[in-house]
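Inspection log for the structure reproduced underneath, given as structure tokens.
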Amino acid sequence: MIRCGRTPCRVAAGAMALLVAMVTSAAPFIPSDDAQVLERLPDRGSTQYRELRSLQAAAAASPGDVARAVALADAYYRVSRSEGDPRYLGYAQAALAPWWKDPDAPTAVLITRATILQSNHEFDRALADLDRALAREPKNGRALLVRATVLTVQGKYGQARADCPKLFGLAPEFYVFACIAGIDSLNGKSAAAVATLERSLATLPATDTSGRAWGESLLGEIAHRRGDPAAERHFRAALAADPRDLYTLGAYGDWLLDNGRAADVVPLVGNDMRVDALLLRLALAQKALQRPEADASLATLRARFAASRARGDVVHRREEARFQLQGNGDSQAALRLALENWNVQREPADLRILAEAAVATNDAGAQATVRQWLEQTGLEYQAVSGLAGKRESASK
Amino acid sequence: MRRARRWIAFFAQMTSTWRFRLVVFTLAALLLPGAVLAHKPSDSYLTLAVDGEIITGQWDIALRDLDFAIGLDGNQDGAISWGEVKAKHADIASYALSRLTLHSAGAPCVPIVRDQLIDNHSDGAYAVLRFVATCAAAPKALAIGYRLFFDVDPQHRGLLNLSAQGATRAGVFTADTPEQHFTLAELSKQEQFVDYLKEGVLHIWTGFDHVLFLLSLLLPAVLVRSRVPGEIWMGAPSFRYAFWDVFRVVTAFTLAHSITLSLAALGVVSLPSRLVESAIAASVVLAALNNVRPVVYGGRWVLAFAFGLIHGFGFASVLTDLGLPQGSLLLALVAFNVGVEVGQLAIVAVFLPIAYALRDTRFYRHAILTGGSVLVAVLAALWLVERAFNVALVPGLGFGS
């Protein structure tokens with residue numbers, strides 16, 4: 001039982017009531033035609049959907065079976081990635097329900113649970129699960145790779161990089177090199193990272209498609225940060241290997257926006273309006289092109305961020321900060337969100353929005369944070385060092 | 001190239017084993033690079049307007065979510081048409097409304113669907129259920145139980161917008177907070193006092209650890225230490241004697257837990273709940289063992305006082321969970337405390353006459369005092385282990401914690 005007593009609680013409740021009212025303000029109607037399609041679902045004929053069906057049946061047939069539950073949860077997780085739909089993370093959590101709150105769950109459960117948790121930005125809980133899993137099975141390749149990823153997102157490069165060499169012998173070579181190069185590229189060793197990745201892609205022909213897509217996407221991002229036009233070639237190669245790689249679609253969209261090619265963004269992400277991050281790129285492209293649809297896209301984003309805040313989510317702060325700065329023109333809100341986001345995750349994109357919001361608001365503290373991070377890590381990111389430099393030259 | 005040589009060596013060594021591992025790594029690759037690209041997650045929007053004893057409701061539930069839970073896409077073509085939704089109207093209504101409960105003053109207000117529409121939200125189409133629920137009387141407080149989709153999607157949220165008497169408030173239902181309580185009318189001071197008093201009584205009666213601690217200290221009150229060799233106890237010489245012993249113990253316990261309850265509720269002192277709960281369990285073990293092999297007799301009130309301080313922190317966590325009204329903090333505190341005392345006195349009022357009547361029997365001294373205390377000590381020791389190490393030894397044993 002919860003009773004809202006304290007004043008801050010009341011204020012929060014009032015603000016939330018307003019948000020909920022905003023989000024639910026559209027007018028309900030009764031469709032005139034039975035044949036009218038109201039909602040489109042993911043393709044029912046796909047292999048992924050059929051695989052999901054058989055795993056659901058298998059898990060339902062023997063509740064309590066760890067292997068089946070984990071297989072189902074992993075399948076849901078994959079769909080959440082390919083569809084960009086967080087509902088599937090909830091379904092994955094439900095598949096692990098018997099063990100979800102068990103700190104001492106079976107190792108396979110710990111790893112899948114950590115995978116789900118990090119998707120919800122619960123990085124510390126994810127790391128706790130991974131540490132426990134690796135204490136039991138130090139040679140678990142998947143746990144090592146997920147841990148390295150989570151630590152990288154948190155900006156703990158030293159710890160993250162230490163996990164990569166342990167993958168030798170446990171994972172296909174390419175993953176080991178991509179693990180190392182991905183981290184090196186954030187630490188002032190971009191050139192070496194590029195060389196490693198290119199050599200690995202060229203000399204390890206057996207690398208699977210998703211590995212290849214990952215490698216090319218990494219190369220694209222490194223090139224983007226260094227201002228190297230080769231970025232486009234790599235993004236295209238990544239999308240050729242995996243056309244549904246939403247992350248690469250977003251990264252390529254950003255490169256196009258940065259290079260004055262907003263018109264190319266529209267066909268690239270126009271079919272993924274359900275995915276907030278891609279809708280954001282679309283809206284920014286439409287705005288840059290002064291298209292009338294921009295307003296509708298921005299309004300949809302505004303409603304989605306309001307809904308996400310009403311439910312108490314904090315997962316989308318990076319996107320919301322960008323929306324506020326570039327779409328909504330509210331640089332103070334952008335800075336606040338960018339700072340909150342920076343406390344949780346520290347990828348180059350998180351640094352960039354922080355730098356942009358800091359410059360827009362002329363916030364010396366946030367600018368110092370950006371400069372300090374650049375110095376400390378040696379990150380090569382033209383767009384960000386340009387912004388950081390602007391402040392320096394202005395003050396000198 | 002040192003690194004190249006190294007991977008060639010590994011490649012040769014691994015070709016035989018890595019193919020089946022690929023499945024796992026396809027998954028891992030999807031994870032990278034980390035960040036989430038997401039839709040809006042699953043939310044439903046529940047709007048309730050209370051007017052007199054009538055509650056008018058609108059509940060917007062995403063068609064996608066309903067499809068996952070009960071299947072809307074009749075022809076399995078990946079598109080949900082209005083015809084398909086209409087065909088499932090009865091199922092949608094019964095599925096949703098069986099997962100929503102509205103209670104006023106302990107009596108249900110049963111919702112009945114009036115009509116079903118469609119609405120488009122920022123992330124797609126929603127079924128709109130309009131319903132009316134009638135309560136026995138105009139509710140002053142509403143207890144809402146929301147359990148939609150939590151079994152299939154624990155990350156689902158129910159976003160509530162509740163309006164009553166010109167005021168609107170919001171709430172978020174999650175898998176961890178499916179039950180919420182809303183005070184609609186400003187309760188009078190008297191009603192508030194009674195409310196918190198009831199909570200206090202309820203807490204002592206359902207808080208087995210507190211009751212067992214108190215009873216363990218009270219069991220010897222109807223006895224005195226025997227001077228006869230071989231006998232530990234003899235019956236108390238008079239009811240008055242037993243009464244004053246009980247009085248001393250109960251008063252000391254009350255005084256002590258009132259002090260810490262107030263300090264903790266006002267935020268002056270706070271202790272980690274695991275420590276508090278473990279210490280409470282330990283206090284029960286000690287109090288019970290003291291009856292099996294008496295160490296402290298006349299000074300039991302000192303034990304009651306010392307451990308009462310700890311029990312007060314336990315009460316405070318309950319009060320914090322209930323939420324303290326900012327405007328009448330002191331009133332709530334006093335009422336809850338008085339409630340605890342009233343509950344305690346009721347227990348004592350039942351215990352003392354029975355124990356006094358039985359005090360000279362072997363049954364009382366052996367079965368109840370010794371046997372009962374051993375049982376209590378064992379139970380509390382299990383609690384202690386469970387609470388201190390955060391494990392469940394015996395399912396269902398954790399009550400009172």
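The chains in the structure tokens are called A, B, ... from first to last as shown; in each chain the residues are counted from 1, and the ligands are counted from 1 in the order shown.
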Distance query stretch 377-382 of chain B at most 9 Å, only C-alpha atoms, self and fewer than 6 positions along chain excluded, as a PDB file with N, CA and C atoms, in the first residue's frame:
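Saved as around28.pdb:
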```pdb
ATOM      1  N   ASP B 209       6.884 -11.853  15.147  1.00  0.00           N
ATOM      2  CA  ASP B 209       8.134 -11.741  15.893  1.00  0.00           C
ATOM      3  C   ASP B 209       7.961 -10.869  17.146  1.00  0.00           C
ATOM      4  N   LEU B 212       5.803 -12.916  19.708  1.00  0.00           N
ATOM      5  CA  LEU B 212       6.550 -14.005  20.324  1.00  0.00           C
ATOM      6  C   LEU B 212       7.573 -13.481  21.332  1.00  0.00           C
ATOM      7  N   ILE B 280      15.955  -8.281  15.683  1.00  0.00           N
ATOM      8  CA  ILE B 280      14.651  -8.632  16.251  1.00  0.00           C
ATOM      9  C   ILE B 280      14.552 -10.151  16.405  1.00  0.00           C
ATOM     10  N   ALA B 281      14.956 -10.867  15.372  1.00  0.00           N
ATOM     11  CA  ALA B 281      14.926 -12.335  15.449  1.00  0.00           C
ATOM     12  C   ALA B 281      15.819 -12.817  16.584  1.00  0.00           C
ATOM     13  N   ALA B 282      17.000 -12.211  16.711  1.00  0.00           N
ATOM     14  CA  ALA B 282      17.932 -12.603  17.776  1.00  0.00           C
ATOM     15  C   ALA B 282      17.303 -12.342  19.145  1.00  0.00           C
ATOM     16  N   SER B 283      16.570 -11.228  19.282  1.00  0.00           N
ATOM     17  CA  SER B 283      15.957 -10.904  20.568  1.00  0.00           C
ATOM     18  C   SER B 283      14.931 -11.967  20.952  1.00  0.00           C
ATOM     19  N   VAL B 284      14.223 -12.493  19.958  1.00  0.00           N
ATOM     20  CA  VAL B 284      13.230 -13.535  20.243  1.00  0.00           C
ATOM     21  C   VAL B 284      13.934 -14.812  20.715  1.00  0.00           C
ATOM     22  N   VAL B 285      15.041 -15.156  20.043  1.00  0.00           N
ATOM     23  CA  VAL B 285      15.806 -16.348  20.450  1.00  0.00           C
ATOM     24  C   VAL B 285      16.241 -16.208  21.904  1.00  0.00           C
ATOM     25  N   LEU B 286      16.828 -15.072  22.249  1.00  0.00           N
ATOM     26  CA  LEU B 286      17.342 -14.871  23.608  1.00  0.00           C
ATOM     27  C   LEU B 286      16.224 -14.907  24.639  1.00  0.00           C
ATOM     28  N   ALA B 287      15.112 -14.216  24.341  1.00  0.00           N
ATOM     29  CA  ALA B 287      14.000 -14.179  25.292  1.00  0.00           C
ATOM     30  C   ALA B 287      13.449 -15.579  25.528  1.00  0.00           C
ATOM     31  N   ALA B 288      13.372 -16.382  24.456  1.00  0.00           N
ATOM     32  CA  ALA B 288      12.834 -17.732  24.592  1.00  0.00           C
ATOM     33  C   ALA B 288      13.806 -18.631  25.360  1.00  0.00           C
ATOM     34  N   LEU B 289      15.094 -18.522  25.033  1.00  0.00           N
ATOM     35  CA  LEU B 289      16.079 -19.372  25.710  1.00  0.00           C
ATOM     36  C   LEU B 289      16.156 -19.057  27.201  1.00  0.00           C
ATOM     37  N   LEU B 393      15.037 -20.481   4.085  1.00  0.00           N
ATOM     38  CA  LEU B 393      15.308 -21.854   4.516  1.00  0.00           C
ATOM     39  C   LEU B 393      14.058 -22.700   4.373  1.00  0.00           C
ATOM     40  N   VAL B 394      12.963 -22.164   4.898  1.00  0.00           N
ATOM     41  CA  VAL B 394      11.692 -22.867   4.837  1.00  0.00           C
ATOM     42  C   VAL B 394      10.701 -21.934   4.145  1.00  0.00           C
ATOM     43  N   LEU B 397       8.074 -19.321   5.810  1.00  0.00           N
ATOM     44  CA  LEU B 397       8.457 -19.034   7.181  1.00  0.00           C
ATOM     45  C   LEU B 397       8.719 -17.549   7.381  1.00  0.00           C
TER      46      LEU B 397
END
```
- Task: Show which residues sit within 7 Å of A:Tyr88, as a PyMOL selection string. Count only C-alpha atoms, and ignore same-chain residues fewer than 3 positions away.
- Result: chain A and resi 76-77+79-80+85+91-92
- Determine, counting only C-alpha atoms, which protein, DNA and RNA residues have an atom within 9 Å of an atom of B:Ile347; residues of the same chain fewer than 4 positions away are not included. Present the result as a PyMOL selection string. chain B and resi 205+211+215+342-343+351-352
- Selected residue of minimal separation from chain B among A:Phe123, A:Trp342, A:Phe305, A:Phe29, counting only C-alpha atoms: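 Of the candidates, the smallest distance to chain B is held by A:Phe29.
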Spatial neighbours of B:Val128, max dist 12 Å, only C-alpha atoms, sep filter under 6 positions, as a short mmCIF file (atom, residue, chain, number, x, y, z; two decimals) with N, CA and C atoms, in the first residue's frame:
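The file below, part27.cif, is the result:
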```
data_model
loop_
_atom_site.label_atom_id
_atom_site.label_comp_id
_atom_site.auth_asym_id
_atom_site.auth_seq_id
_atom_site.Cartn_x
_atom_site.Cartn_y
_atom_site.Cartn_z
N THR A 24 -2.66 10.79 -22.99
CA THR A 24 -3.89 10.09 -23.29
C THR A 24 -4.96 11.01 -23.86
N ALA A 26 -5.67 11.92 -26.96
CA ALA A 26 -6.30 11.68 -28.25
C ALA A 26 -7.73 11.18 -28.06
N ALA A 27 -8.56 11.36 -29.08
CA ALA A 27 -9.97 11.02 -28.91
C ALA A 27 -10.26 9.60 -29.40
N PRO A 28 -10.86 8.77 -28.55
CA PRO A 28 -11.19 7.40 -28.96
C PRO A 28 -12.30 7.41 -30.02
N PHE A 29 -12.30 6.39 -30.84
CA PHE A 29 -13.30 6.34 -31.91
C PHE A 29 -13.71 4.89 -32.16
N ILE A 30 -14.79 4.73 -32.91
CA ILE A 30 -15.21 3.39 -33.34
C ILE A 30 -14.98 3.32 -34.85
N SER B 44 -0.25 0.70 -20.06
CA SER B 44 -1.67 0.92 -20.30
C SER B 44 -2.04 2.19 -19.55
N TYR B 45 -3.12 2.82 -19.98
CA TYR B 45 -3.53 4.08 -19.36
C TYR B 45 -4.89 3.89 -18.73
N LEU B 46 -4.93 3.99 -17.43
CA LEU B 46 -6.18 3.78 -16.70
C LEU B 46 -6.63 5.11 -16.11
N THR B 47 -7.80 5.55 -16.54
CA THR B 47 -8.33 6.81 -16.04
C THR B 47 -9.57 6.51 -15.21
N GLY B 57 -14.70 4.72 -15.60
CA GLY B 57 -13.33 4.38 -15.97
C GLY B 57 -13.11 4.29 -17.46
N GLN B 58 -11.89 4.63 -17.86
CA GLN B 58 -11.46 4.36 -19.24
C GLN B 58 -10.09 3.72 -19.17
N TRP B 59 -9.96 2.64 -19.92
CA TRP B 59 -8.71 1.89 -19.84
C TRP B 59 -8.21 1.67 -21.26
N ASP B 60 -7.07 2.27 -21.59
CA ASP B 60 -6.47 2.11 -22.91
C ASP B 60 -5.37 1.06 -22.84
N ILE B 61 -5.57 -0.01 -23.60
CA ILE B 61 -4.62 -1.12 -23.57
C ILE B 61 -4.13 -1.37 -24.99
N ALA B 62 -2.80 -1.46 -25.17
CA ALA B 62 -2.22 -1.60 -26.51
C ALA B 62 -2.69 -2.91 -27.16
N LEU B 63 -3.10 -2.82 -28.42
CA LEU B 63 -3.52 -4.03 -29.13
C LEU B 63 -2.39 -5.04 -29.21
N LEU B 66 -2.40 -7.00 -26.01
CA LEU B 66 -3.54 -7.91 -25.94
C LEU B 66 -3.31 -9.08 -26.89
N VAL B 85 -10.72 -7.38 -33.71
CA VAL B 85 -10.82 -6.87 -32.34
C VAL B 85 -12.26 -7.03 -31.83
N LYS B 86 -13.24 -6.69 -32.70
CA LYS B 86 -14.64 -6.80 -32.29
C LYS B 86 -14.99 -8.23 -31.89
N HIS B 89 -14.07 -8.86 -28.32
CA HIS B 89 -14.46 -7.88 -27.30
C HIS B 89 -14.76 -8.51 -25.94
N ILE B 92 -11.51 -9.66 -24.36
CA ILE B 92 -10.70 -8.51 -23.90
C ILE B 92 -11.25 -7.99 -22.57
N ALA B 93 -12.58 -7.81 -22.52
CA ALA B 93 -13.20 -7.26 -21.31
C ALA B 93 -12.96 -8.18 -20.12
N ALA B 96 -9.13 -8.26 -19.12
CA ALA B 96 -8.65 -7.04 -18.47
C ALA B 96 -9.30 -6.86 -17.10
N VAL B 113 -18.21 -3.26 -18.17
CA VAL B 113 -17.83 -2.56 -19.41
C VAL B 113 -19.07 -2.01 -20.09
N ARG B 114 -19.00 -0.74 -20.49
CA ARG B 114 -20.10 -0.11 -21.20
C ARG B 114 -19.87 -0.18 -22.71
N ASP B 115 -18.70 0.27 -23.16
CA ASP B 115 -18.40 0.10 -24.58
C ASP B 115 -16.89 0.03 -24.82
N GLN B 116 -16.55 -0.42 -26.03
CA GLN B 116 -15.15 -0.58 -26.39
C GLN B 116 -14.87 0.18 -27.68
N LEU B 117 -13.81 1.01 -27.64
CA LEU B 117 -13.45 1.81 -28.80
C LEU B 117 -11.98 1.58 -29.13
N ILE B 118 -11.48 2.40 -30.01
CA ILE B 118 -10.08 2.32 -30.41
C ILE B 118 -9.49 3.71 -30.28
N ASP B 119 -8.21 3.78 -29.90
CA ASP B 119 -7.54 5.07 -29.91
C ASP B 119 -6.12 4.88 -30.39
N ASN B 120 -5.58 5.90 -31.03
CA ASN B 120 -4.19 5.83 -31.47
C ASN B 120 -3.32 6.64 -30.53
N HIS B 121 -2.34 5.96 -29.92
CA HIS B 121 -1.37 6.65 -29.10
C HIS B 121 -0.08 6.79 -29.90
#
```
- Message: Could you list, as a list in words, every residue within 7 Å of A:Ala181, counting only C-alpha atoms and ignoring same-chain residues fewer than 2 positions away?
- Response: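 In the requested form, the answer reads Phe177, Ala178, Cys179, Ile183, Asp184, Ser185, Ala193, Thr196 and Leu197 of chain A.
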Those same residues, written as a PDB file, in the first residue's frame with N, CA and C atoms?
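Contents of selection-v2.pdb, freshly written:
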```pdb
ATOM      1  N   PHE A 177      39.383  -9.925 -31.362  1.00  0.00           N
ATOM      2  CA  PHE A 177      40.014  -8.723 -31.912  1.00  0.00           C
ATOM      3  C   PHE A 177      39.057  -7.541 -31.896  1.00  0.00           C
ATOM      4  N   ALA A 178      37.796  -7.795 -32.200  1.00  0.00           N
ATOM      5  CA  ALA A 178      36.817  -6.702 -32.197  1.00  0.00           C
ATOM      6  C   ALA A 178      36.647  -6.162 -30.779  1.00  0.00           C
ATOM      7  N   CYS A 179      36.685  -7.062 -29.811  1.00  0.00           N
ATOM      8  CA  CYS A 179      36.570  -6.672 -28.398  1.00  0.00           C
ATOM      9  C   CYS A 179      37.696  -5.705 -28.048  1.00  0.00           C
ATOM     10  N   ILE A 183      37.582  -1.249 -27.826  1.00  0.00           N
ATOM     11  CA  ILE A 183      37.982  -0.485 -26.643  1.00  0.00           C
ATOM     12  C   ILE A 183      39.168   0.430 -26.964  1.00  0.00           C
ATOM     13  N   ASP A 184      40.156  -0.105 -27.716  1.00  0.00           N
ATOM     14  CA  ASP A 184      41.324   0.715 -28.075  1.00  0.00           C
ATOM     15  C   ASP A 184      40.911   1.971 -28.829  1.00  0.00           C
ATOM     16  N   SER A 185      39.879   1.824 -29.662  1.00  0.00           N
ATOM     17  CA  SER A 185      39.472   2.972 -30.482  1.00  0.00           C
ATOM     18  C   SER A 185      38.934   4.113 -29.628  1.00  0.00           C
ATOM     19  N   ALA A 193      43.435   0.332 -33.935  1.00  0.00           N
ATOM     20  CA  ALA A 193      42.175  -0.404 -33.875  1.00  0.00           C
ATOM     21  C   ALA A 193      41.650  -0.655 -35.283  1.00  0.00           C
ATOM     22  N   THR A 196      43.714  -3.356 -36.940  1.00  0.00           N
ATOM     23  CA  THR A 196      43.362  -4.681 -36.408  1.00  0.00           C
ATOM     24  C   THR A 196      42.040  -5.169 -37.009  1.00  0.00           C
ATOM     25  N   LEU A 197      41.058  -4.290 -37.009  1.00  0.00           N
ATOM     26  CA  LEU A 197      39.738  -4.696 -37.502  1.00  0.00           C
ATOM     27  C   LEU A 197      39.785  -5.030 -38.987  1.00  0.00           C
TER      28      LEU A 197
END
```
- Note on the structure: Between A:Ala303, A:Val176, A:Leu239, A:Ala195, smallest distance to chain B by only C-alpha atoms belongs to A:Ala303
- Query: For chain A, which residue out of B:His311, B:Lys140, B:Arg169, B:Arg227 is the nearest one, using only C-alpha atoms?
  - Reply: B:Arg169
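Residues in contact range of B:Arg240, defined as at most 12 Å between only C-alpha atoms, with sequence neighbours fewer than 2 positions away removed, read B:Ala221, B:Val222, B:Ala236, B:Pro237, B:Ser238, B:Ala242, B:Phe243, B:Trp244, B:Asp245, B:Val246, B:Phe247, B:Leu352, B:Pro353, B:Tyr356.
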- Query: Between atom CA of B:Ala69 and atom CA of B:Ser81, what is the spacing in Å?
  - Reply: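 Rounded to one decimal, the two atoms are 16.9 Å apart.
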- Query: Within 10 Å of A:Ala206, counting only C-alpha atoms, which residues qualify if same-chain residues fewer than 2 places away don't, as JSON, numbers by chain?
  - Reply: {"A": [172, 173, 174, 201, 202, 203, 204, 208, 209, 211, 212], "B": [15, 19]}
Generate a file of the selected residues that holds N, CA and C atoms, formatted as a compact mmCIF listing (two decimals), in the first residue's frame.
```
# COMPACT_ATOMS: atom_id res chain seq x y z
N PRO A 172 35.25 -17.18 -31.43
CA PRO A 172 35.90 -17.04 -32.73
C PRO A 172 36.86 -15.85 -32.65
N GLU A 173 38.02 -16.00 -33.31
CA GLU A 173 39.07 -14.97 -33.24
C GLU A 173 38.53 -13.57 -33.42
N PHE A 174 37.65 -13.45 -34.40
CA PHE A 174 37.24 -12.11 -34.78
C PHE A 174 36.66 -11.34 -33.59
N LEU A 201 39.01 -8.68 -40.52
CA LEU A 201 37.92 -8.92 -41.47
C LEU A 201 38.45 -9.55 -42.76
N ALA A 202 39.65 -9.13 -43.15
CA ALA A 202 40.20 -9.63 -44.41
C ALA A 202 40.74 -11.04 -44.26
N THR A 203 41.31 -11.35 -43.10
CA THR A 203 42.03 -12.62 -42.99
C THR A 203 41.24 -13.69 -42.25
N LEU A 204 40.07 -13.35 -41.76
CA LEU A 204 39.28 -14.37 -41.07
C LEU A 204 37.97 -14.55 -41.84
N ASP A 208 31.24 -14.96 -39.02
CA ASP A 208 29.81 -15.00 -39.35
C ASP A 208 29.27 -13.61 -39.64
N THR A 209 28.08 -13.57 -40.19
CA THR A 209 27.50 -12.30 -40.64
C THR A 209 27.39 -11.28 -39.52
N GLY A 211 29.11 -11.02 -36.83
CA GLY A 211 30.45 -10.57 -36.49
C GLY A 211 30.94 -9.55 -37.50
N ARG A 212 30.73 -9.85 -38.76
CA ARG A 212 31.13 -8.97 -39.85
C ARG A 212 30.39 -7.62 -39.73
N THR B 15 39.27 -24.59 -34.95
CA THR B 15 38.29 -24.84 -36.01
C THR B 15 37.33 -25.97 -35.68
N ARG B 19 32.38 -23.94 -34.18
CA ARG B 19 31.17 -23.80 -34.99
C ARG B 19 29.90 -23.81 -34.12
```
